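Trainee: Structure file model.cif, mmCIF, C-alpha atoms, is pasted below:
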```
data_data
loop_
_atom_site.label_atom_id
_atom_site.label_comp_id
_atom_site.auth_asym_id
_atom_site.auth_seq_id
_atom_site.Cartn_x
_atom_site.Cartn_y
_atom_site.Cartn_z
CA MET J 1 -53.31 -25.68 -19.67
CA SER J 2 -50.43 -27.59 -21.20
CA LYS J 3 -47.44 -28.26 -18.97
CA LYS J 4 -45.28 -27.71 -22.03
CA THR J 5 -46.57 -24.25 -22.82
CA ILE J 6 -46.85 -23.08 -19.15
CA TYR J 7 -49.40 -20.58 -20.44
CA ASP J 8 -53.00 -21.04 -21.45
CA ILE J 9 -52.85 -20.58 -25.22
CA GLN J 10 -56.63 -20.48 -25.37
CA LYS J 11 -56.60 -17.24 -23.38
CA ILE J 12 -54.37 -15.67 -26.01
CA ALA J 13 -56.61 -16.93 -28.82
CA ALA J 14 -59.70 -15.66 -26.97
CA LEU J 15 -58.19 -12.20 -26.64
CA TYR J 16 -57.53 -11.96 -30.37
CA GLY J 17 -60.90 -13.57 -31.07
CA ALA J 18 -62.68 -10.80 -29.20
CA GLU J 19 -60.87 -8.16 -31.24
CA PHE J 20 -61.53 -10.06 -34.48
CA GLU J 21 -65.25 -10.27 -33.69
CA LYS J 22 -65.37 -6.48 -33.32
CA TYR J 23 -63.09 -5.40 -36.18
CA GLY J 24 -62.78 -8.31 -38.65
CA TYR J 25 -59.97 -8.05 -41.17
CA SER J 26 -58.11 -5.07 -39.73
CA LEU J 27 -54.79 -4.28 -38.09
CA THR J 28 -56.89 -3.38 -35.05
CA SER J 29 -57.79 -7.07 -34.68
CA LEU J 30 -54.07 -7.80 -34.43
CA MET J 31 -53.62 -4.92 -31.97
CA ILE J 32 -50.96 -3.41 -34.25
CA PRO J 33 -50.56 0.38 -34.37
CA LYS J 34 -51.23 1.81 -37.82
CA GLY J 35 -48.18 2.98 -39.71
CA ALA J 36 -45.74 0.83 -37.73
CA SER J 37 -45.60 -2.28 -39.91
CA ASP J 38 -42.95 -1.04 -42.35
CA ALA J 39 -40.53 -0.22 -39.52
CA ARG J 40 -41.21 -3.49 -37.74
CA PHE J 41 -40.74 -5.64 -40.84
CA LYS J 42 -37.66 -3.77 -42.10
CA THR J 43 -36.02 -4.30 -38.73
CA LYS J 44 -36.63 -8.05 -38.93
CA PHE J 45 -35.40 -8.24 -42.53
CA ASP J 46 -32.18 -6.39 -41.60
CA ILE J 47 -31.01 -9.42 -39.59
CA GLY J 48 -29.04 -10.83 -42.53
CA LYS J 49 -29.18 -12.06 -46.11
CA LEU J 50 -32.70 -13.35 -46.72
CA ASP J 51 -32.79 -14.09 -50.45
CA ASN J 52 -33.27 -17.79 -51.20
CA THR J 53 -33.67 -18.70 -47.53
CA ARG J 54 -36.51 -20.25 -45.56
CA ILE J 55 -38.46 -18.00 -43.20
CA LEU J 56 -40.88 -18.94 -40.42
CA ASP J 57 -43.26 -16.16 -39.35
CA VAL J 58 -44.53 -16.98 -35.83
CA GLY J 59 -47.86 -15.31 -35.02
CA CYS J 60 -48.33 -14.37 -38.67
CA GLY J 61 -51.86 -12.99 -38.32
CA PHE J 62 -53.23 -12.17 -41.78
CA GLY J 63 -49.90 -12.85 -43.51
CA HIS J 64 -48.79 -9.25 -43.92
CA MET J 65 -45.11 -10.18 -43.70
CA LEU J 66 -45.48 -12.00 -46.99
CA ASP J 67 -46.91 -8.80 -48.55
CA TYR J 68 -43.78 -6.91 -47.53
CA LEU J 69 -41.39 -9.64 -48.67
CA ARG J 70 -42.99 -9.62 -52.12
CA ALA J 71 -43.29 -5.83 -52.36
CA TRP J 72 -39.63 -5.43 -51.43
CA ASP J 73 -38.52 -8.20 -53.86
CA ILE J 74 -37.11 -10.49 -51.18
CA ASN J 75 -37.28 -14.01 -52.57
CA VAL J 76 -37.81 -16.57 -49.80
CA ARG J 77 -39.62 -19.78 -48.96
CA TYR J 78 -42.16 -18.50 -46.48
CA THR J 79 -44.17 -20.31 -43.79
CA GLY J 80 -46.67 -18.44 -41.61
CA ILE J 81 -48.13 -19.92 -38.43
CA ASP J 82 -50.68 -18.70 -35.91
CA ILE J 83 -52.71 -20.21 -33.06
CA PHE J 84 -55.96 -18.47 -34.13
CA PRO J 85 -57.60 -20.34 -37.06
CA PRO J 86 -59.64 -17.39 -38.45
CA PHE J 87 -56.41 -15.45 -39.02
CA ILE J 88 -54.95 -18.36 -40.97
CA GLU J 89 -58.13 -18.72 -43.03
CA ILE J 90 -57.90 -15.07 -44.14
CA ALA J 91 -54.15 -15.34 -44.76
CA LYS J 92 -54.78 -18.29 -47.10
CA GLN J 93 -57.48 -16.31 -48.94
CA ARG J 94 -55.15 -13.35 -49.34
CA HIS J 95 -52.22 -15.49 -50.52
CA PRO J 96 -53.50 -18.62 -52.27
CA GLY J 97 -50.91 -21.34 -52.42
CA ALA J 98 -48.74 -19.91 -49.66
CA ASP J 99 -47.78 -22.06 -46.67
CA PHE J 100 -49.97 -21.01 -43.74
CA ARG J 101 -50.66 -23.29 -40.80
CA VAL J 102 -52.51 -23.33 -37.47
CA LEU J 103 -49.63 -24.31 -35.22
CA ASP J 104 -48.46 -23.90 -31.62
CA ILE J 105 -44.71 -24.55 -31.72
CA LEU J 106 -44.53 -25.37 -28.01
CA ASP J 107 -47.10 -28.15 -28.16
CA GLN J 108 -46.49 -29.34 -31.70
CA HIS J 109 -43.03 -30.11 -33.00
CA PRO J 110 -42.53 -29.65 -36.74
CA GLU J 111 -39.57 -31.58 -38.11
CA GLU J 112 -38.64 -28.78 -40.52
CA ARG J 113 -36.00 -26.19 -39.78
CA TRP J 114 -36.05 -22.66 -41.17
CA ASP J 115 -33.07 -20.40 -41.78
CA TRP J 116 -34.68 -17.43 -40.08
CA VAL J 117 -37.52 -17.37 -37.54
CA PHE J 118 -39.33 -14.08 -36.95
CA LEU J 119 -41.98 -12.91 -34.49
CA VAL J 120 -43.58 -9.49 -34.92
CA GLY J 121 -45.74 -7.99 -32.18
CA ALA J 122 -47.09 -11.24 -30.78
CA PHE J 123 -45.54 -10.79 -27.32
CA ASN J 124 -46.83 -7.26 -26.83
CA VAL J 125 -50.32 -8.11 -25.56
CA ALA J 126 -50.67 -10.41 -22.55
CA PRO J 127 -54.12 -11.60 -21.39
CA GLU J 128 -52.55 -12.01 -17.94
CA LYS J 129 -49.08 -10.97 -16.80
CA VAL J 130 -48.63 -14.10 -14.67
CA ASN J 131 -46.19 -16.51 -16.35
CA TRP J 132 -45.92 -14.31 -19.46
CA TRP J 133 -42.16 -13.81 -19.21
CA SER J 134 -41.70 -17.55 -18.58
CA TYR J 135 -43.83 -18.23 -21.67
CA ILE J 136 -41.68 -15.84 -23.73
CA GLN J 137 -38.50 -17.58 -22.57
CA LYS J 138 -39.88 -20.97 -23.67
CA MET J 139 -40.91 -19.48 -27.01
CA LEU J 140 -37.48 -17.94 -27.63
CA GLN J 141 -35.82 -21.25 -26.83
CA ARG J 142 -38.14 -23.08 -29.21
CA MET J 143 -37.75 -20.52 -31.99
CA PHE J 144 -33.97 -20.70 -31.65
CA ASN J 145 -34.12 -24.50 -31.92
CA LEU J 146 -36.16 -24.17 -35.14
CA CYS J 147 -33.70 -21.86 -36.92
CA THR J 148 -30.42 -22.57 -38.69
CA GLN J 149 -29.23 -18.96 -38.92
CA GLY J 150 -31.08 -16.77 -36.45
CA ILE J 151 -34.25 -15.31 -34.97
CA ALA J 152 -35.62 -11.76 -34.65
CA ILE J 153 -38.29 -10.73 -32.14
CA ASP J 154 -39.71 -7.38 -31.11
CA PHE J 155 -41.05 -6.14 -27.79
CA LEU J 156 -42.72 -3.08 -26.36
CA SER J 157 -40.05 -1.41 -24.27
CA SER J 158 -40.13 -0.71 -20.55
CA TYR J 159 -38.58 2.68 -21.41
CA VAL J 160 -41.91 4.45 -21.91
CA ASP J 161 -43.85 7.39 -20.50
CA PHE J 162 -46.73 5.09 -19.57
CA GLN J 163 -47.64 1.43 -20.00
CA LYS J 164 -50.74 0.31 -21.85
CA GLU J 165 -53.37 -1.83 -20.14
CA LYS J 166 -52.96 -5.53 -20.99
CA ALA J 167 -49.68 -4.75 -22.72
CA PHE J 168 -46.38 -6.41 -21.88
CA HIS J 169 -43.49 -3.95 -21.74
CA ALA J 170 -40.24 -5.89 -21.65
CA SER J 171 -37.02 -4.78 -20.03
CA PRO J 172 -34.35 -4.64 -22.78
CA GLU J 173 -31.74 -5.63 -20.19
CA GLN J 174 -33.73 -8.69 -19.13
CA VAL J 175 -34.34 -9.79 -22.71
CA PHE J 176 -30.67 -9.30 -23.62
CA SER J 177 -29.50 -11.25 -20.58
CA PHE J 178 -31.75 -14.19 -21.42
CA ALA J 179 -30.76 -14.10 -25.10
CA LYS J 180 -27.11 -14.40 -24.06
CA THR J 181 -27.92 -17.72 -22.35
CA LEU J 182 -28.93 -19.07 -25.78
CA THR J 183 -26.11 -17.64 -27.91
CA LYS J 184 -23.03 -15.47 -27.54
CA ARG J 185 -23.99 -13.46 -30.61
CA VAL J 186 -26.88 -11.08 -29.87
CA THR J 187 -27.93 -7.70 -31.26
CA LEU J 188 -30.41 -5.40 -29.50
CA ARG J 189 -31.91 -2.57 -31.55
CA HIS J 190 -33.76 0.28 -29.87
CA ASP J 191 -33.20 2.64 -32.81
CA TYR J 192 -36.23 2.32 -35.09
CA MET J 193 -39.23 3.16 -32.87
CA ALA J 194 -39.27 5.20 -29.70
CA TYR J 195 -40.98 2.64 -27.49
CA GLU J 196 -40.15 -0.73 -29.07
CA PHE J 197 -37.01 -2.78 -29.58
CA THR J 198 -35.92 -5.85 -31.52
CA VAL J 199 -33.37 -8.51 -30.67
CA TYR J 200 -31.44 -10.74 -33.08
CA LEU J 201 -30.09 -14.08 -31.89
CA TYR J 202 -27.63 -15.74 -34.26
CA LYS J 203 -26.80 -19.44 -34.50
CA ASP J 204 -23.29 -19.01 -35.93
CA GLN J 205 -21.06 -18.16 -32.96
CA ALA J 206 -17.71 -19.08 -34.52
CA VAL J 207 -14.99 -16.51 -33.92
CA THR J 208 -11.57 -15.62 -35.33
CA ASN J 209 -8.41 -16.01 -33.24
CA ASN J 210 -8.97 -12.47 -31.93
CA ASN J 211 -12.62 -13.14 -31.03
CA ILE J 212 -14.39 -11.39 -33.90
CA PHE J 213 -17.45 -13.33 -35.01
CA ILE J 214 -16.47 -14.92 -38.32
CA ASP J 215 -19.76 -14.06 -40.03
CA PHE J 216 -19.27 -10.40 -39.06
CA LYS J 217 -15.63 -10.47 -40.16
CA LYS J 218 -16.69 -11.44 -43.68
CA GLY J 219 -18.28 -8.01 -44.13
CA ILE J 220 -15.24 -6.00 -43.05
CA LEU J 221 -13.07 -4.34 -45.72
CA PRO J 222 -9.36 -5.13 -45.83
CA GLU J 223 -7.38 -3.35 -43.13
CA PRO J 224 -5.35 -0.31 -44.18
CA LYS J 225 -1.60 -0.30 -43.65
CA ILE J 226 -0.90 1.45 -40.38
#
```
Have the structure of the file written as structure tokens, please.

Mentor:
Amino acid sequence: MSKKTIYDIQKIAALYGAEFEKYGYSLTSLMIPKGASDARFKTKFDIGKLDNTRILDVGCGFGHMLDYLRAWDINVRYTGIDIFPPFIEIAKQRHPGADFRVLDILDQHPEERWDWVFLVGAFNVAPEKVNWWSYIQKMLQRMFNLCTQGIAIDFLSSYVDFQKEKAFHASPEQVFSFAKTLTKRVTLRHDYMAYEFTVYLYKDQAVTNNNIFIDFKKGILPEPKI
């Protein structure tokens, strides 16, 4: 196990490999619930203005994010990465010419920077719970270092009726608290699926003289005369 990753990446790859051996090209191999992808992707894309930006899709699987970007006419420079080579092979077959790579961002250090870095569903299944939260913290730090504008990540919520076996259900409060150690500007959304949430971490933390984030202030209409 790499000291840098603090988690055995091969165990993660083996877990997905076992599902892939059973189901092949299927959302089931990615352990994604059917009918949830549109909500998950829309929530990531709501983070900000995406047109003509660079996007890194961490844990891209079969490259379905690129399908949604194209179907919804969002023009970006897309890069998809995954630690499981068979997923990348299929993604390249589905989208010839697109930028897909086998890459572990904790052990390998690309020199590029992307405007937005997204992760969809990849933290939800943990081969072992030991060190998983520490691994997530390292990943969030690395993803935030790779972005110029922000990152969006989703989690299964701890606010559930029951927890799935081998699933990681994150505490929204714990995730928010850690996110605030990386940036002052954080959004937590628990409004799009009953048992999942997404967090946005923004790079631009500049504020006005009355402590409104400048990027947010740009979208406010002129004040009425009071």

Trainee: Going by the chain IDs and residue numbers used in this file, which residues fall under the PyMOL selection byres ((chain J and resi 105-121) around 8)? Write them as a tab-separated table (two decimals) with C-alpha atoms, in the frame of the given file.

Mentor:
```tsv
chain	number	residue	atom	x	y	z
J	2	SER	CA	-50.43	-27.59	-21.20
J	4	LYS	CA	-45.28	-27.71	-22.03
J	5	THR	CA	-46.57	-24.25	-22.82
J	32	ILE	CA	-50.96	-3.41	-34.25
J	40	ARG	CA	-41.21	-3.49	-37.74
J	41	PHE	CA	-40.74	-5.64	-40.84
J	44	LYS	CA	-36.63	-8.05	-38.93
J	53	THR	CA	-33.67	-18.70	-47.53
J	54	ARG	CA	-36.51	-20.25	-45.56
J	55	ILE	CA	-38.46	-18.00	-43.20
J	56	LEU	CA	-40.88	-18.94	-40.42
J	57	ASP	CA	-43.26	-16.16	-39.35
J	58	VAL	CA	-44.53	-16.98	-35.83
J	59	GLY	CA	-47.86	-15.31	-35.02
J	60	CYS	CA	-48.33	-14.37	-38.67
J	103	LEU	CA	-49.63	-24.31	-35.22
J	104	ASP	CA	-48.46	-23.90	-31.62
J	122	ALA	CA	-47.09	-11.24	-30.78
J	123	PHE	CA	-45.54	-10.79	-27.32
J	124	ASN	CA	-46.83	-7.26	-26.83
J	138	LYS	CA	-39.88	-20.97	-23.67
J	139	MET	CA	-40.91	-19.48	-27.01
J	142	ARG	CA	-38.14	-23.08	-29.21
J	143	MET	CA	-37.75	-20.52	-31.99
J	144	PHE	CA	-33.97	-20.70	-31.65
J	146	LEU	CA	-36.16	-24.17	-35.14
J	147	CYS	CA	-33.70	-21.86	-36.92
J	148	THR	CA	-30.42	-22.57	-38.69
J	149	GLN	CA	-29.23	-18.96	-38.92
J	150	GLY	CA	-31.08	-16.77	-36.45
J	151	ILE	CA	-34.25	-15.31	-34.97
J	152	ALA	CA	-35.62	-11.76	-34.65
J	153	ILE	CA	-38.29	-10.73	-32.14
J	154	ASP	CA	-39.71	-7.38	-31.11
J	155	PHE	CA	-41.05	-6.14	-27.79
```

Trainee: Evaluate the PyMOL selection byres ((chain J and resi 215) around 12) here and jot the selected residues down as number ranges by chain.

Mentor: J: 48-49, 149, 185, 202-208, 211-214, 216-220

Trainee: Calculate how many Å separate atom CA of J:Ala39 from atom CA of J:Asp161, rounding to one decimal.

Mentor: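 Those two atoms sit 20.8 Å apart.
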
Trainee: So which one's closest to J:Ile90, J:Asn145, J:Leu50, J:Ala13, J:Phe20? Using only C-alpha atoms, please.

Mentor: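 The closest residue to J:Ile90 is J:Phe20.
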
Trainee: What does the distance between atom CA of J:Ala18 and atom CA of J:Glu196 come to in Å, to one decimal place?

Mentor: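 Answer for the atom CA of J:Ala18 to atom CA of J:Glu196 separation: 24.7 Å.
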
Trainee: Could you list, as a PyMOL selection string, every residue matched by the PyMOL selection byres ((chain J and resi 132) around 12) in this structure?

Mentor: chain J and resi 5-9+11-12+122-131+133-139+166-170
